[in-house]
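Have a look at run.pdb; it's PDB, C-alpha atoms, pLDDT in the B column:
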MODEL        1
ATOM      1  CA  THR N   1     137.724  55.288 -41.657  1.00 73.00           C
ATOM      2  CA  LEU N   2     141.156  53.726 -41.779  1.00 80.00           C
ATOM      3  CA  LEU N   3     142.970  53.179 -45.028  1.00 88.00           C
ATOM      4  CA  ASP N   4     144.011  49.708 -46.101  1.00 88.00           C
ATOM      5  CA  GLY N   5     147.086  48.564 -44.249  1.00 88.00           C
ATOM      6  CA  ALA N   6     148.492  47.014 -41.067  1.00 90.00           C
ATOM      7  CA  TYR N   7     147.873  48.709 -37.725  1.00 90.00           C
ATOM      8  CA  ASP N   8     148.784  48.122 -34.075  1.00 92.00           C
ATOM      9  CA  VAL N   9     145.879  48.824 -31.746  1.00 91.00           C
ATOM     10  CA  ARG N  10     146.662  49.444 -28.068  1.00 91.00           C
ATOM     11  CA  VAL N  11     143.799  48.868 -25.642  1.00 91.00           C
ATOM     12  CA  SER N  12     143.900  50.130 -22.028  1.00 92.00           C
ATOM     13  CA  ALA N  13     141.390  49.365 -19.287  1.00 93.00           C
ATOM     14  CA  GLN N  14     141.013  50.459 -15.692  1.00 92.00           C
ATOM     15  CA  ASP N  15     138.569  49.209 -13.085  1.00 92.00           C
ATOM     16  CA  VAL N  16     136.960  51.164 -10.233  1.00 92.00           C
ATOM     17  CA  ALA N  17     139.725  50.040  -7.875  1.00 92.00           C
ATOM     18  CA  GLY N  18     142.354  51.650 -10.078  1.00 90.00           C
ATOM     19  CA  ASN N  19     143.738  48.451 -11.537  1.00 93.00           C
ATOM     20  CA  THR N  20     144.891  48.833 -15.140  1.00 93.00           C
ATOM     21  CA  ALA N  21     145.715  46.539 -17.989  1.00 93.00           C
ATOM     22  CA  GLN N  22     146.923  47.019 -21.531  1.00 92.00           C
ATOM     23  CA  ALA N  23     146.907  44.902 -24.650  1.00 93.00           C
ATOM     24  CA  LEU N  24     148.455  45.384 -28.076  1.00 92.00           C
ATOM     25  CA  VAL N  25     146.612  43.904 -31.063  1.00 90.00           C
ATOM     26  CA  SER N  26     147.844  43.891 -34.660  1.00 91.00           C
ATOM     27  CA  ILE N  27     145.086  44.222 -37.273  1.00 87.00           C
ATOM     28  CA  THR N  28     144.917  44.563 -41.059  1.00 87.00           C
ATOM     29  CA  ILE N  29     142.341  46.805 -42.698  1.00 90.00           C
ATOM     30  CA  ASP N  30     141.317  45.465 -46.118  1.00 92.00           C
ATOM     31  CA  ASN N  31     138.512  47.164 -48.026  1.00 93.00           C
ATOM     32  CA  THR N  32     139.870  46.285 -51.476  1.00 94.00           C
ATOM     33  CA  PRO N  33     138.208  43.440 -53.394  1.00 96.00           C
ATOM     34  CA  PRO N  34     140.326  40.895 -55.303  1.00 96.00           C
ATOM     35  CA  ARG N  35     141.447  41.670 -58.837  1.00 95.00           C
ATOM     36  CA  VAL N  36     140.084  39.310 -61.488  1.00 95.00           C
ATOM     37  CA  GLU N  37     141.260  39.506 -65.108  1.00 93.00           C
ATOM     38  CA  LEU N  38     140.104  37.228 -67.944  1.00 91.00           C
ATOM     39  CA  ASN N  39     141.438  36.716 -71.460  1.00 90.00           C
ATOM     40  CA  LEU N  40     137.897  36.576 -72.901  1.00 92.00           C
ATOM     41  CA  VAL N  41     135.765  39.123 -74.737  1.00 91.00           C
ATOM     42  CA  ASN N  42     131.985  39.271 -74.811  1.00 94.00           C
ATOM     43  CA  ASN N  43     130.337  36.703 -77.108  1.00 94.00           C
ATOM     44  CA  GLN N  44     133.660  35.179 -78.103  1.00 95.00           C
ATOM     45  CA  TYR N  45     133.440  31.799 -79.861  1.00 97.00           C
ATOM     46  CA  LEU N  46     135.251  29.022 -78.029  1.00 96.00           C
ATOM     47  CA  PRO N  47     136.163  25.441 -79.033  1.00 96.00           C
ATOM     48  CA  GLU N  48     135.273  22.243 -77.198  1.00 95.00           C
ATOM     49  CA  HIS N  49     138.310  22.406 -74.882  1.00 95.00           C
ATOM     50  CA  VAL N  50     138.631  25.666 -72.962  1.00 94.00           C
ATOM     51  CA  ASP N  51     141.506  26.978 -70.862  1.00 94.00           C
ATOM     52  CA  VAL N  52     140.308  29.895 -68.743  1.00 94.00           C
ATOM     53  CA  GLU N  53     143.380  32.115 -68.434  1.00 91.00           C
ATOM     54  CA  GLU N  54     144.595  35.344 -66.828  1.00 87.00           C
ATOM     55  CA  GLU N  55     144.840  36.407 -63.211  1.00 94.00           C
ATOM     56  CA  VAL N  56     143.318  36.364 -59.730  1.00 95.00           C
ATOM     57  CA  PHE N  57     145.148  38.522 -57.187  1.00 96.00           C
ATOM     58  CA  ASP N  58     144.625  39.875 -53.672  1.00 95.00           C
ATOM     59  CA  GLN N  59     147.042  40.527 -50.833  1.00 90.00           C
ATOM     60  CA  ASN N  60     144.786  38.444 -48.583  1.00 92.00           C
ATOM     61  CA  ILE N  61     143.259  35.991 -51.043  1.00 95.00           C
ATOM     62  CA  ALA N  62     141.029  33.344 -49.521  1.00 96.00           C
ATOM     63  CA  SER N  63     139.652  31.476 -52.530  1.00 96.00           C
ATOM     64  CA  TYR N  64     138.484  31.693 -56.119  1.00 96.00           C
ATOM     65  CA  GLU N  65     136.106  29.586 -58.191  1.00 96.00           C
ATOM     66  CA  VAL N  66     135.687  29.184 -61.953  1.00 96.00           C
ATOM     67  CA  ARG N  67     132.370  27.951 -63.326  1.00 96.00           C
ATOM     68  CA  TRP N  68     130.530  27.845 -66.638  1.00 95.00           C
ATOM     69  CA  LEU N  69     126.881  27.791 -67.644  1.00 94.00           C
ATOM     70  CA  ARG N  70     126.214  24.341 -69.062  1.00 91.00           C
ATOM     71  CA  GLN N  71     122.505  24.981 -69.599  1.00 87.00           C
ATOM     72  CA  ALA N  72     120.639  28.283 -69.729  1.00 85.00           C
ATOM     73  CA  SER N  73     117.080  27.182 -68.975  1.00 86.00           C
ATOM     74  CA  PRO N  74     116.817  26.130 -66.272  1.00 90.00           C
ATOM     75  CA  PRO N  75     120.275  27.491 -65.360  1.00 90.00           C
ATOM     76  CA  ILE N  76     122.818  24.775 -64.633  1.00 92.00           C
ATOM     77  CA  TRP N  77     126.279  25.977 -63.600  1.00 95.00           C
ATOM     78  CA  GLU N  78     129.223  23.602 -63.481  1.00 95.00           C
ATOM     79  CA  ILE N  79     132.360  24.244 -61.446  1.00 95.00           C
ATOM     80  CA  ALA N  80     135.459  24.006 -63.634  1.00 95.00           C
ATOM     81  CA  GLY N  81     138.122  24.712 -61.045  1.00 94.00           C
ATOM     82  CA  GLY N  82     139.362  26.980 -58.306  1.00 94.00           C
ATOM     83  CA  GLY N  83     142.032  27.527 -55.694  1.00 95.00           C
ATOM     84  CA  THR N  84     143.150  29.333 -52.578  1.00 95.00           C
ATOM     85  CA  GLU N  85     146.207  31.190 -53.880  1.00 94.00           C
ATOM     86  CA  ASN N  86     146.889  34.042 -56.258  1.00 94.00           C
ATOM     87  CA  THR N  87     147.104  32.619 -59.760  1.00 92.00           C
ATOM     88  CA  ALA N  88     148.303  33.913 -63.128  1.00 93.00           C
ATOM     89  CA  GLY N  89     147.934  31.734 -66.212  1.00 93.00           C
ATOM     90  CA  VAL N  90     145.445  28.891 -66.571  1.00 92.00           C
ATOM     91  CA  LEU N  91     142.818  29.198 -63.846  1.00 92.00           C
ATOM     92  CA  ALA N  92     140.765  26.175 -64.965  1.00 93.00           C
ATOM     93  CA  SER N  93     140.110  23.875 -67.933  1.00 94.00           C
ATOM     94  CA  PHE N  94     136.975  22.106 -69.088  1.00 95.00           C
ATOM     95  CA  ASP N  95     135.297  20.583 -72.147  1.00 95.00           C
ATOM     96  CA  ALA N  96     131.972  21.784 -73.525  1.00 93.00           C
ATOM     97  CA  ASP N  97     129.599  19.141 -74.866  1.00 90.00           C
ATOM     98  CA  ARG N  98     127.411  21.093 -77.302  1.00 90.00           C
ATOM     99  CA  ASP N  99     127.061  24.221 -79.422  1.00 93.00           C
ATOM    100  CA  VAL N 100     125.481  26.677 -77.013  1.00 91.00           C
ATOM    101  CA  ALA N 101     125.470  30.307 -75.876  1.00 93.00           C
ATOM    102  CA  SER N 102     126.933  30.246 -72.395  1.00 95.00           C
ATOM    103  CA  MET N 103     128.795  32.228 -69.736  1.00 96.00           C
ATOM    104  CA  ILE N 104     132.074  31.804 -67.882  1.00 96.00           C
ATOM    105  CA  SER N 105     132.326  33.245 -64.393  1.00 96.00           C
ATOM    106  CA  VAL N 106     135.248  33.741 -62.020  1.00 96.00           C
ATOM    107  CA  ARG N 107     134.476  34.682 -58.412  1.00 96.00           C
ATOM    108  CA  ALA N 108     137.221  35.542 -55.907  1.00 97.00           C
ATOM    109  CA  ARG N 109     136.979  36.291 -52.183  1.00 97.00           C
ATOM    110  CA  ASP N 110     139.578  37.567 -49.746  1.00 96.00           C
ATOM    111  CA  ARG N 111     139.921  36.910 -46.013  1.00 93.00           C
ATOM    112  CA  ALA N 112     138.139  40.151 -45.139  1.00 93.00           C
ATOM    113  CA  GLY N 113     135.037  39.049 -47.062  1.00 94.00           C
ATOM    114  CA  ASN N 114     135.543  41.333 -50.065  1.00 96.00           C
ATOM    115  CA  GLU N 115     134.378  39.631 -53.240  1.00 97.00           C
ATOM    116  CA  THR N 116     134.772  40.153 -56.992  1.00 97.00           C
ATOM    117  CA  GLU N 117     132.890  38.262 -59.684  1.00 96.00           C
ATOM    118  CA  LYS N 118     133.522  38.657 -63.391  1.00 96.00           C
ATOM    119  CA  THR N 119     131.168  36.982 -65.883  1.00 95.00           C
ATOM    120  CA  VAL N 120     131.673  36.919 -69.658  1.00 96.00           C
ATOM    121  CA  PRO N 121     129.098  35.682 -72.198  1.00 96.00           C
ATOM    122  CA  VAL N 122     130.612  33.238 -74.709  1.00 96.00           C
ATOM    123  CA  VAL N 123     129.477  30.850 -77.446  1.00 96.00           C
ATOM    124  CA  PHE N 124     130.753  27.285 -77.622  1.00 96.00           C
ATOM    125  CA  ASP N 125     131.354  25.908 -81.121  1.00 97.00           C
ATOM    126  CA  ILE N 126     132.262  22.226 -81.104  1.00 96.00           C
ATOM    127  CA  THR N 127     130.817  21.246 -84.508  1.00 97.00           C
ATOM    128  CA  ASP N 128     133.068  20.672 -87.511  1.00 97.00           C
ATOM    129  CA  PRO N 129     132.426  22.636 -90.706  1.00 98.00           C
ATOM    130  CA  ALA N 130     131.082  20.834 -93.776  1.00 98.00           C
ATOM    131  CA  THR N 131     132.299  21.116 -97.369  1.00 98.00           C
ATOM    132  CA  SER N 132     130.583  20.064-100.597  1.00 98.00           C
ATOM    133  CA  TYR N 133     131.593  20.323-104.247  1.00 97.00           C
ATOM    134  CA  SER N 134     129.758  21.635-107.294  1.00 97.00           C
ATOM    135  CA  PHE N 135     130.411  21.994-111.029  1.00 97.00           C
ATOM    136  CA  ASP N 136     130.058  24.978-113.332  1.00 97.00           C
ATOM    137  CA  GLY N 137     130.295  23.656-116.859  1.00 96.00           C
ATOM    138  CA  PRO N 138     129.864  20.328-118.643  1.00 95.00           C
ATOM    139  CA  ASN N 139     129.684  17.331-116.333  1.00 96.00           C
ATOM    140  CA  TYR N 140     128.104  13.905-116.437  1.00 95.00           C
ATOM    141  CA  ASP N 141     127.660  11.250-113.771  1.00 95.00           C
ATOM    142  CA  SER N 142     127.447   7.792-115.330  1.00 92.00           C
ATOM    143  CA  GLY N 143     126.925   6.151-111.960  1.00 90.00           C
ATOM    144  CA  GLU N 144     130.441   4.727-112.155  1.00 89.00           C
ATOM    145  CA  ASN N 145     132.422   7.741-113.314  1.00 91.00           C
ATOM    146  CA  LEU N 146     132.032  11.469-112.915  1.00 95.00           C
ATOM    147  CA  TYR N 147     133.072  13.169-116.153  1.00 96.00           C
ATOM    148  CA  VAL N 148     134.026  16.809-116.610  1.00 97.00           C
ATOM    149  CA  SER N 149     135.547  18.812-119.435  1.00 96.00           C
ATOM    150  CA  PRO N 150     138.784  20.837-119.258  1.00 95.00           C
ATOM    151  CA  THR N 151     136.665  23.998-119.009  1.00 96.00           C
ATOM    152  CA  THR N 152     134.496  22.735-116.151  1.00 97.00           C
ATOM    153  CA  LYS N 153     135.026  24.644-112.904  1.00 97.00           C
ATOM    154  CA  VAL N 154     135.077  22.564-109.720  1.00 98.00           C
ATOM    155  CA  SER N 155     134.036  24.606-106.688  1.00 98.00           C
ATOM    156  CA  LEU N 156     134.425  23.686-103.000  1.00 98.00           C
ATOM    157  CA  ASN N 157     131.675  25.153-100.851  1.00 98.00           C
ATOM    158  CA  ALA N 158     132.296  25.219 -97.084  1.00 98.00           C
ATOM    159  CA  ALA N 159     129.727  26.124 -94.431  1.00 98.00           C
ATOM    160  CA  ASP N 160     129.888  26.496 -90.658  1.00 97.00           C
ATOM    161  CA  SER N 161     127.000  27.310 -88.334  1.00 94.00           C
ATOM    162  CA  GLY N 162     129.197  28.680 -85.551  1.00 95.00           C
ATOM    163  CA  SER N 163     132.401  30.700 -85.654  1.00 96.00           C
ATOM    164  CA  GLY N 164     132.663  30.630 -89.458  1.00 97.00           C
ATOM    165  CA  ILE N 165     135.122  29.258 -91.984  1.00 98.00           C
ATOM    166  CA  GLU N 166     138.796  30.005 -91.447  1.00 98.00           C
ATOM    167  CA  ARG N 167     140.213  28.094 -94.410  1.00 98.00           C
ATOM    168  CA  VAL N 168     139.449  25.368 -96.950  1.00 98.00           C
ATOM    169  CA  TYR N 169     142.192  22.940 -98.000  1.00 98.00           C
ATOM    170  CA  TYR N 170     142.426  20.617-100.993  1.00 98.00           C
ATOM    171  CA  ARG N 171     144.856  18.355-102.750  1.00 98.00           C
ATOM    172  CA  THR N 172     144.958  16.163-105.840  1.00 97.00           C
ATOM    173  CA  GLY N 173     146.203  12.623-105.486  1.00 94.00           C
ATOM    174  CA  LEU N 174     148.865  12.347-102.786  1.00 93.00           C
ATOM    175  CA  ASN N 175     150.167  15.881-103.256  1.00 96.00           C
ATOM    176  CA  PRO N 176     150.458  18.118-100.154  1.00 97.00           C
ATOM    177  CA  TYR N 177     147.409  20.090 -99.083  1.00 97.00           C
ATOM    178  CA  GLY N 178     147.092  23.642-100.370  1.00 98.00           C
ATOM    179  CA  THR N 179     144.676  26.467 -99.595  1.00 98.00           C
ATOM    180  CA  TYR N 180     141.582  26.621-101.763  1.00 98.00           C
ATOM    181  CA  THR N 181     141.170  30.137-103.168  1.00 97.00           C
ATOM    182  CA  GLY N 182     138.735  29.640-106.042  1.00 97.00           C
ATOM    183  CA  PRO N 183     137.261  27.229-108.607  1.00 98.00           C
ATOM    184  CA  LEU N 184     139.558  24.550-110.009  1.00 97.00           C
ATOM    185  CA  THR N 185     139.981  23.408-113.609  1.00 97.00           C
ATOM    186  CA  PHE N 186     141.978  20.449-114.951  1.00 96.00           C
ATOM    187  CA  SER N 187     143.411  20.400-118.465  1.00 92.00           C
ATOM    188  CA  MET N 188     144.947  16.912-118.581  1.00 91.00           C
ATOM    189  CA  SER N 189     142.824  13.931-119.574  1.00 93.00           C
ATOM    190  CA  GLY N 190     142.351  11.165-117.065  1.00 95.00           C
ATOM    191  CA  SER N 191     141.215  10.509-113.509  1.00 96.00           C
ATOM    192  CA  VAL N 192     141.845  13.142-110.841  1.00 97.00           C
ATOM    193  CA  PRO N 193     141.193  12.323-107.151  1.00 97.00           C
ATOM    194  CA  ILE N 194     140.409  15.504-105.202  1.00 98.00           C
ATOM    195  CA  SER N 195     140.534  15.515-101.383  1.00 98.00           C
ATOM    196  CA  PHE N 196     139.274  18.462 -99.350  1.00 98.00           C
ATOM    197  CA  LYS N 197     138.413  19.658 -95.844  1.00 98.00           C
ATOM    198  CA  ALA N 198     137.655  22.889 -93.983  1.00 98.00           C
ATOM    199  CA  VAL N 199     138.727  24.396 -90.655  1.00 98.00           C
ATOM    200  CA  ASP N 200     136.638  26.920 -88.717  1.00 98.00           C
ATOM    201  CA  ARG N 201     137.824  29.927 -86.703  1.00 97.00           C
ATOM    202  CA  VAL N 202     138.122  28.020 -83.411  1.00 97.00           C
ATOM    203  CA  GLY N 203     140.082  25.133 -84.929  1.00 96.00           C
ATOM    204  CA  ASN N 204     137.375  22.519 -85.537  1.00 97.00           C
ATOM    205  CA  GLU N 205     138.603  20.483 -88.503  1.00 98.00           C
ATOM    206  CA  GLU N 206     136.392  18.572 -90.884  1.00 98.00           C
ATOM    207  CA  ALA N 207     137.204  14.954 -91.670  1.00 98.00           C
ATOM    208  CA  GLU N 208     138.715  14.591 -95.125  1.00 98.00           C
ATOM    209  CA  LYS N 209     136.282  14.118 -98.017  1.00 98.00           C
ATOM    210  CA  SER N 210     137.120  13.166-101.579  1.00 97.00           C
ATOM    211  CA  VAL N 211     135.693  12.944-105.086  1.00 97.00           C
ATOM    212  CA  LEU N 212     137.108  11.224-108.158  1.00 97.00           C
ATOM    213  CA  ILE N 213     136.577  13.031-111.450  1.00 97.00           C
ATOM    214  CA  THR N 214     137.542  12.006-114.965  1.00 97.00           C
ATOM    215  CA  VAL N 215     138.630  14.770-117.304  1.00 96.00           C
ATOM    216  CA  ASP N 216     137.444  14.030-120.835  1.00 94.00           C
ATOM    217  CA  LYS N 217     138.946  16.270-123.491  1.00 87.00           C
ATOM    218  CA  ALA N 218     138.596  13.888-126.422  1.00 82.00           C
ATOM    219  CA  SER N 219     136.106  14.920-129.121  1.00 79.00           C
ATOM    220  CA  PRO N 220     133.523  12.278-130.029  1.00 81.00           C
ATOM    221  CA  ALA N 221     134.015  10.360-133.296  1.00 82.00           C
ATOM    222  CA  VAL N 222     131.174  10.283-135.829  1.00 85.00           C
ATOM    223  CA  SER N 223     130.823   7.572-138.477  1.00 82.00           C
ATOM    224  CA  ILE N 224     128.119   7.186-141.141  1.00 79.00           C
ATOM    225  CA  TYR N 225     126.987   3.734-142.174  1.00 77.00           C
ATOM    226  CA  PHE N 226     124.521   2.736-144.864  1.00 70.00           C
ATOM    227  CA  THR N 227     122.474  -0.411-144.964  1.00 73.00           C
ATOM    228  CA  PRO N 228     121.093  -1.817-148.231  1.00 72.00           C
ATOM    229  CA  PRO N 229     119.408  -0.720-150.358  1.00 68.00           C
ATOM    230  CA  ALA N 230     121.860   2.071-151.183  1.00 60.00           C
ATOM    231  CA  TYR N 231     122.565   3.874-154.435  1.00 63.00           C
ATOM    232  CA  GLU N 232     125.923   5.339-155.412  1.00 63.00           C
ATOM    233  CA  ASN N 233     125.969   8.063-158.076  1.00 66.00           C
ATOM    234  CA  ASN N 234     129.393   9.188-159.192  1.00 65.00           C
ATOM    235  CA  GLY N 235     130.933   8.054-155.922  1.00 58.00           C
ATOM    236  CA  VAL N 236     128.308   9.661-153.757  1.00 55.00           C
TER     237      VAL N 236
ENDMDL
END

How does this structure look as structure tokens?
Amino acid sequence: TLLDGAYDVRVSAQDVAGNTAQALVSITIDNTPPRVELNLVNNQYLPEHVDVEEEVFDQNIASYEVRWLRQASPPIWEIAGGGTENTAGVLASFDADRDVASMISVRARDRAGNETEKTVPVVFDITDPATSYSFDGPNYDSGENLYVSPTTKVSLNAADSGSGIERVYYRTGLNPYGTYTGPLTFSMSGSVPISFKAVDRVGNEEAEKSVLITVDKASPAVSIYFTPPAYENNGV
């Protein structure tokens, strides 16, 4: 068995009459399949837009093809891209259309027929996270105003069914967004608009939500009135 490489093969022939002929043929022995590298790990969460990156290489590359599993049952594979040259960087790009467990496959073939296929299971997460608010402490919804006390804790509760929550942001009024790290309290009386949103681990960002609260720190006033008949004894 010859090792991979270029060889010159000389062929000689002679017939029964003694005539001879020679020919020189150059050949390349290639028993090595293409190298395929991907920047993905098993069961990695991916966003809606995917760039399949890394490398396809072979001294005698013929072609490569990138495809992804759009539907598992029955299996439906969609071709995302390909080429006929060695490539390093973005091999193909595509957009997923649902949250789904899937696979990405890269198959490369050289001119000698050697083939390499690398398939990685992944999970597409294209759904934005969702955030709600809750109160721990005195609060009252009049239908027009949402009242809280200075001791009431306002919590922001974010949930994500896919890759998980990366960060929750909030702001009051038109102030810049900050990172939410725990329940909020407000000591000043008056209306406080709170805006908030969450981002998951693959970059899906929730549309901004808001709630308007009114901080009420004034004690109620109590008055006593008497209606006749009334009797006063020594000023009482």

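Between CA of Ala80 (chain N) and CA of Ile61 (chain N) the separation is 19.1 Å.
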
**OP:** Fewer than 5 positions away in the same chain doesn't count, so skip those; otherwise give me all residues within 7 Å of Ile194 (chain N), counting all atoms listed in the file, as a ChimeraX atom specification.
**Re:** /N:170-173,210-212

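Considering the residues N:Gly164, N:Asp200, N:Leu156, N:Pro138 and counting all atoms listed in the file, Lys217 (chain N) has its shortest atom-to-atom contact with N:Pro138.
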
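With distances restricted to only C-alpha atoms, N:Thr214 is the closest residue to Ser142 (chain N) from N:Gln59, N:Gln14, N:Thr214, N:Thr32.
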
Original post:
Care to translate the PyMOL selection byres ((chain N and resi 81-94) around 10) into actual residues of this file, as an MDAnalysis selection string?
Top reply: chainID N and resid 34:39 48:68 78:80 95:97 106:110

Write the residues of the preceding selection, restricted to C-alpha atoms, as a PDB file, in the coordinates of the input.
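Result written to out-v5.pdb:
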ATOM      1  CA  PRO N  34     140.326  40.895 -55.303  1.00 96.00           C
ATOM      2  CA  ARG N  35     141.447  41.670 -58.837  1.00 95.00           C
ATOM      3  CA  VAL N  36     140.084  39.310 -61.488  1.00 95.00           C
ATOM      4  CA  GLU N  37     141.260  39.506 -65.108  1.00 93.00           C
ATOM      5  CA  LEU N  38     140.104  37.228 -67.944  1.00 91.00           C
ATOM      6  CA  ASN N  39     141.438  36.716 -71.460  1.00 90.00           C
ATOM      7  CA  GLU N  48     135.273  22.243 -77.198  1.00 95.00           C
ATOM      8  CA  HIS N  49     138.310  22.406 -74.882  1.00 95.00           C
ATOM      9  CA  VAL N  50     138.631  25.666 -72.962  1.00 94.00           C
ATOM     10  CA  ASP N  51     141.506  26.978 -70.862  1.00 94.00           C
ATOM     11  CA  VAL N  52     140.308  29.895 -68.743  1.00 94.00           C
ATOM     12  CA  GLU N  53     143.380  32.115 -68.434  1.00 91.00           C
ATOM     13  CA  GLU N  54     144.595  35.344 -66.828  1.00 87.00           C
ATOM     14  CA  GLU N  55     144.840  36.407 -63.211  1.00 94.00           C
ATOM     15  CA  VAL N  56     143.318  36.364 -59.730  1.00 95.00           C
ATOM     16  CA  PHE N  57     145.148  38.522 -57.187  1.00 96.00           C
ATOM     17  CA  ASP N  58     144.625  39.875 -53.672  1.00 95.00           C
ATOM     18  CA  GLN N  59     147.042  40.527 -50.833  1.00 90.00           C
ATOM     19  CA  ASN N  60     144.786  38.444 -48.583  1.00 92.00           C
ATOM     20  CA  ILE N  61     143.259  35.991 -51.043  1.00 95.00           C
ATOM     21  CA  ALA N  62     141.029  33.344 -49.521  1.00 96.00           C
ATOM     22  CA  SER N  63     139.652  31.476 -52.530  1.00 96.00           C
ATOM     23  CA  TYR N  64     138.484  31.693 -56.119  1.00 96.00           C
ATOM     24  CA  GLU N  65     136.106  29.586 -58.191  1.00 96.00           C
ATOM     25  CA  VAL N  66     135.687  29.184 -61.953  1.00 96.00           C
ATOM     26  CA  ARG N  67     132.370  27.951 -63.326  1.00 96.00           C
ATOM     27  CA  TRP N  68     130.530  27.845 -66.638  1.00 95.00           C
ATOM     28  CA  GLU N  78     129.223  23.602 -63.481  1.00 95.00           C
ATOM     29  CA  ILE N  79     132.360  24.244 -61.446  1.00 95.00           C
ATOM     30  CA  ALA N  80     135.459  24.006 -63.634  1.00 95.00           C
ATOM     31  CA  ASP N  95     135.297  20.583 -72.147  1.00 95.00           C
ATOM     32  CA  ALA N  96     131.972  21.784 -73.525  1.00 93.00           C
ATOM     33  CA  ASP N  97     129.599  19.141 -74.866  1.00 90.00           C
ATOM     34  CA  VAL N 106     135.248  33.741 -62.020  1.00 96.00           C
ATOM     35  CA  ARG N 107     134.476  34.682 -58.412  1.00 96.00           C
ATOM     36  CA  ALA N 108     137.221  35.542 -55.907  1.00 97.00           C
ATOM     37  CA  ARG N 109     136.979  36.291 -52.183  1.00 97.00           C
ATOM     38  CA  ASP N 110     139.578  37.567 -49.746  1.00 96.00           C
TER      39      ASP N 110
END

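CA of Val199 (chain N) lies 28.1 Å from CA of Asn139 (chain N).
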
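Considering all atoms listed in the file, the residue among N:Ser149, N:Arg201, N:Met188, N:Gly137 positioned nearest to Val168 (chain N) is N:Arg201.
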
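For the pair CA of Gly113 (chain N) and CA of Pro33 (chain N), the interatomic distance is 8.3 Å.
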
**OP:** Name the residues that the PyMOL selection byres ((chain N and resi 154) around 7) picks from the file above, as a VMD selection string, using the file's chain letters and numbers.
**Re:** chain N and resid 133 to 136 152 to 153 155 to 156 183 to 185

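Applied to the file shown here, the PyMOL selection byres ((chain N and resi 206) around 9) selects Thr127, Asp128, Pro129, Ala130, Thr131, Phe196, Lys197, Ala198, Val199, Asp200, Asn204, Glu205, Ala207, Glu208 and Lys209 of chain N.
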
Would you compute, for all listed atoms of region 139-150 of chain N, the axis-aligned bounding box grown by 6 Å on each side, and then report its centre and edge lengths in Å rounded to one decimal, as lines of an AutoDock Vina configuration file?
center_x = 132.9
center_y = 12.8
center_z = -115.7
size_x = 23.9
size_y = 28.1
size_z = 19.5

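In terms of minimum interatomic distance to Lys118 (chain N), N:Ser105 ranks closest within N:Thr227, N:Ser105, N:Ser191, N:Ser219, counting all atoms listed in the file.
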
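Compared by their closest atoms to Asn145 (chain N), and using all atoms listed in the file, the residues N:Ile213, N:Ile126, N:Val202, N:Ile104 rank with N:Ile213 nearest.
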
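Proximity of N:Ser223, N:Asn31, N:Ser12, N:Ser132 to Glu115 (chain N), computed with only C-alpha atoms, is greatest for N:Asn31.
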
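Near (126.7, 26.0, -86.7), the residues inside the 8 Å limit, counting only C-alpha atoms, come to Asp99, Asp125, Thr127, Pro129, Asp160, Ser161, Gly162 and Ser163 of chain N.
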